[in-house]
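Report on the following structure.
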Amino acid sequence: MEEQTLTINKFGFNNFFKEAFSVYEDKDYQIGRVALEHKRMYRVWTDNSEMLCEVSGKFSFSASSREDYPAVGDWVVIKERAGEQRGTIHAVLPRKSKFSRKTAGMNTEEQIVAANVDTIFLVNSLNEDLNLRRLERYLLLSWESGANPVIVLTKADLCENLEDQLADVDSVAMGVPVISISVIEEKGIDQLKPFLEPGKTIALLGSSGVGKSTLTNYLLGEDKQKVQDIRISDDKGKHTTTHRELILLPDGAILIDTPGMRELQLWESENGLSESFTDIEQAAENCRFRDCTHENEPGCAVHRLIEDGDISGERLNSYKKLLKELAYLDRKQDKRAQSEERKRWKKVSAGAKNKRM
């Protein structure tokens, strides 16, 4: 980074963020983009340097949830500490897009994986690890994020039945571009170039070992990300990337490489569900009964698709499973919202009581 002339426009700063930042411009603030997060400390790209930053006390006090804190890809309003090469974050600008999932475990809380992304490369390997149900889940969250998904199928050189695999992926892609590549043989990568425009941000998402770091190194032109060979025993890659980070590519695009996700729980994805399963939802409009559950009802148009071989029974089961998961999440979020409201009013009441005393 030190060898390049740094300007915020190179990092994706555009009119959307410029307008949001305009209210701060006369107050000795500057703008920066979060390139790396490590335990509430943030590496931020500014107009002419990199700066290690932390949020202000007021910011931390006002934050009510994890979502309120900066994430990789966020544009933040900072003040530099004179002579320290450090800064304080006072605000996060509105996000143009965000890829979120529920945090692992029992807590109902949002984890933002990447913010202000233009395109999401959903990376899957063309070996025994290719899983259509997992891909459906990634597509659902991608549509909900506000970014445009692209399915990137890596390790095409290891695939013996490429046409069959592509047909299977196309059956769940619902119009999303599907690109098969081989970094080793340098095949198919040119098809990614239209998405790698200067100033555009692309996030690489996928499970561990599918080739995200290998692709990152190829696009970067150097071995920045550690790469390990696939295990011969089960044909699966090994986990390499351990953190999310902005990477500026030679062509001017900005890449966010992310750690492999062992668990991908949904987060507020009802709109994404409709985008990902348009075939089922459009067919459901022609069912005989408006409340058809697509089980054993007569005149079920969805089951007719299955009988005709247009969709698989596994895809319908996946749709139902995701619907149930979203309904459960909604109930959990309602309870959490009620609990937070009670805590807020308890604080207000306590403050009013102290004033009277």
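If you're wondering about the labels, chains in the structure tokens are A, B, ... by order shown, residues count from 1 in each chain, ligands from 1 in order shown.
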If we count only C-alpha atoms and set the cut-off at 12 Å, which residues sit around Lys27 of chain A, ignoring sequence neighbours fewer than 3 positions away in its own chain? Please answer as a VMD selection string. chain A and resid 21 to 24 30 to 31 77 to 79 90
Could you pull the residues within 12 Å of segment 40-43 of chain A, counting only C-alpha atoms, minus those fewer than 4 positions along the same chain, as a PyMOL selection string? chain A and resi 32-36+49-56+60+66+69-76+78+85-89+244-246
Residues from the last selection, N, CA and C atoms, saved as an mmCIF file, in the first residue's frame:
```cif
data_model
loop_
_atom_site.group_PDB
_atom_site.id
_atom_site.type_symbol
_atom_site.label_atom_id
_atom_site.label_comp_id
_atom_site.auth_asym_id
_atom_site.auth_seq_id
_atom_site.Cartn_x
_atom_site.Cartn_y
_atom_site.Cartn_z
ATOM 1 N N GLY A 32 -12.729 7.751 5.837
ATOM 2 C CA GLY A 32 -11.850 6.608 5.630
ATOM 3 C C GLY A 32 -12.672 5.350 5.444
ATOM 4 N N ARG A 33 -12.027 4.310 4.932
ATOM 5 C CA ARG A 33 -12.723 3.038 4.723
ATOM 6 C C ARG A 33 -12.046 1.941 5.531
ATOM 7 N N VAL A 34 -12.856 1.156 6.230
ATOM 8 C CA VAL A 34 -12.328 0.101 7.085
ATOM 9 C C VAL A 34 -11.782 -1.034 6.210
ATOM 10 N N ALA A 35 -10.476 -1.265 6.322
ATOM 11 C CA ALA A 35 -9.834 -2.304 5.527
ATOM 12 C C ALA A 35 -9.651 -3.598 6.304
ATOM 13 N N LEU A 36 -9.586 -3.484 7.629
ATOM 14 C CA LEU A 36 -9.317 -4.663 8.455
ATOM 15 C C LEU A 36 -9.832 -4.402 9.859
ATOM 16 N N SER A 49 -3.108 7.903 3.654
ATOM 17 C CA SER A 49 -2.363 7.018 4.554
ATOM 18 C C SER A 49 -3.256 5.880 5.036
ATOM 19 N N GLU A 50 -2.665 4.984 5.799
ATOM 20 C CA GLU A 50 -3.413 4.001 6.560
ATOM 21 C C GLU A 50 -3.327 4.389 8.024
ATOM 22 N N MET A 51 -4.399 4.149 8.764
ATOM 23 C CA MET A 51 -4.449 4.616 10.135
ATOM 24 C C MET A 51 -5.116 3.559 11.012
ATOM 25 N N LEU A 52 -4.572 3.317 12.185
ATOM 26 C CA LEU A 52 -5.192 2.427 13.154
ATOM 27 C C LEU A 52 -6.174 3.244 13.986
ATOM 28 N N CYS A 53 -7.428 2.779 14.026
ATOM 29 C CA CYS A 53 -8.479 3.569 14.673
ATOM 30 C C CYS A 53 -9.270 2.728 15.664
ATOM 31 N N GLU A 54 -9.914 3.430 16.592
ATOM 32 C CA GLU A 54 -10.871 2.818 17.493
ATOM 33 C C GLU A 54 -12.064 3.760 17.617
ATOM 34 N N VAL A 55 -13.204 3.218 18.032
ATOM 35 C CA VAL A 55 -14.403 4.049 18.118
ATOM 36 C C VAL A 55 -14.314 4.937 19.355
ATOM 37 N N SER A 56 -14.976 6.073 19.302
ATOM 38 C CA SER A 56 -15.000 7.007 20.434
ATOM 39 C C SER A 56 -15.853 6.438 21.560
ATOM 40 N N SER A 60 -19.354 4.206 21.275
ATOM 41 C CA SER A 60 -19.556 2.930 21.954
ATOM 42 C C SER A 60 -20.769 2.969 22.866
ATOM 43 N N ARG A 66 -24.318 -5.164 17.722
ATOM 44 C CA ARG A 66 -23.102 -5.396 16.959
ATOM 45 C C ARG A 66 -23.161 -4.724 15.588
ATOM 46 N N TYR A 69 -21.547 -1.205 15.012
ATOM 47 C CA TYR A 69 -20.100 -1.017 14.948
ATOM 48 C C TYR A 69 -19.593 -1.149 13.510
ATOM 49 N N PRO A 70 -18.429 -0.572 13.209
ATOM 50 C CA PRO A 70 -17.883 -0.669 11.849
ATOM 51 C C PRO A 70 -17.600 -2.117 11.450
ATOM 52 N N ALA A 71 -17.732 -2.371 10.161
ATOM 53 C CA ALA A 71 -17.392 -3.668 9.576
ATOM 54 C C ALA A 71 -16.450 -3.415 8.402
ATOM 55 N N VAL A 72 -15.771 -4.457 7.959
ATOM 56 C CA VAL A 72 -14.881 -4.316 6.818
ATOM 57 C C VAL A 72 -15.676 -3.854 5.602
ATOM 58 N N GLY A 73 -15.208 -2.787 4.967
ATOM 59 C CA GLY A 73 -15.903 -2.201 3.829
ATOM 60 C C GLY A 73 -16.682 -0.950 4.176
ATOM 61 N N ASP A 74 -16.881 -0.693 5.465
ATOM 62 C CA ASP A 74 -17.622 0.496 5.893
ATOM 63 C C ASP A 74 -16.816 1.768 5.636
ATOM 64 N N TRP A 75 -17.540 2.861 5.371
ATOM 65 C CA TRP A 75 -16.957 4.200 5.340
ATOM 66 C C TRP A 75 -17.211 4.834 6.695
ATOM 67 N N VAL A 76 -16.165 5.339 7.320
ATOM 68 C CA VAL A 76 -16.271 5.872 8.670
ATOM 69 C C VAL A 76 -15.766 7.311 8.734
ATOM 70 N N ILE A 78 -13.747 9.978 10.836
ATOM 71 C CA ILE A 78 -12.687 9.889 11.839
ATOM 72 C C ILE A 78 -12.027 11.244 12.078
ATOM 73 N N GLN A 85 -0.405 8.826 14.209
ATOM 74 C CA GLN A 85 -0.798 7.962 13.103
ATOM 75 C C GLN A 85 -1.947 7.043 13.520
ATOM 76 N N ARG A 86 -2.772 7.560 14.399
ATOM 77 C CA ARG A 86 -3.959 6.860 14.858
ATOM 78 C C ARG A 86 -5.159 7.799 14.771
ATOM 79 N N GLY A 87 -6.350 7.216 14.818
ATOM 80 C CA GLY A 87 -7.534 8.045 14.716
ATOM 81 C C GLY A 87 -8.672 7.515 15.571
ATOM 82 N N THR A 88 -9.694 8.329 15.711
ATOM 83 C CA THR A 88 -10.893 7.966 16.462
ATOM 84 C C THR A 88 -12.086 7.989 15.533
ATOM 85 N N ILE A 89 -12.849 6.916 15.532
ATOM 86 C CA ILE A 89 -14.047 6.810 14.692
ATOM 87 C C ILE A 89 -15.238 7.390 15.435
ATOM 88 N N ARG A 244 -11.246 -11.008 7.524
ATOM 89 C CA ARG A 244 -11.730 -10.268 6.358
ATOM 90 C C ARG A 244 -10.846 -9.052 6.150
ATOM 91 N N GLU A 245 -10.551 -8.765 4.876
ATOM 92 C CA GLU A 245 -9.628 -7.672 4.596
ATOM 93 C C GLU A 245 -9.885 -7.096 3.217
ATOM 94 N N LEU A 246 -9.825 -5.754 3.108
ATOM 95 C CA LEU A 246 -9.873 -5.097 1.802
ATOM 96 C C LEU A 246 -8.523 -5.250 1.117
#
```
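Here the question is which of A:Glu84, A:Gly12, A:Asp257, A:Arg133 gets nearest to Lys321 of chain A using only C-alpha atoms, and that residue is A:Arg133.
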What lies within 9 Å of Leu196 of chain A using only C-alpha atoms, ignoring chain neighbours under 3 positions off, as number ranges by chain? A: 119, 192-193, 199-202, 249, 251-255
Would you kindly return, as number ranges by chain, each protein, DNA or RNA residue with an atom no farther than 12 Å from any atom of Ser312 of chain A, considering only C-alpha atoms and excluding same-chain residues fewer than 2 positions away? A: 132-133, 168, 171-172, 279-280, 302-310, 314-319
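Minimum atom-to-atom distances from A:Lys324, A:Glu80, A:Pro259, A:Asn127 to Ser208 of chain A were compared using only C-alpha atoms, and the lowest value belongs to A:Pro259.
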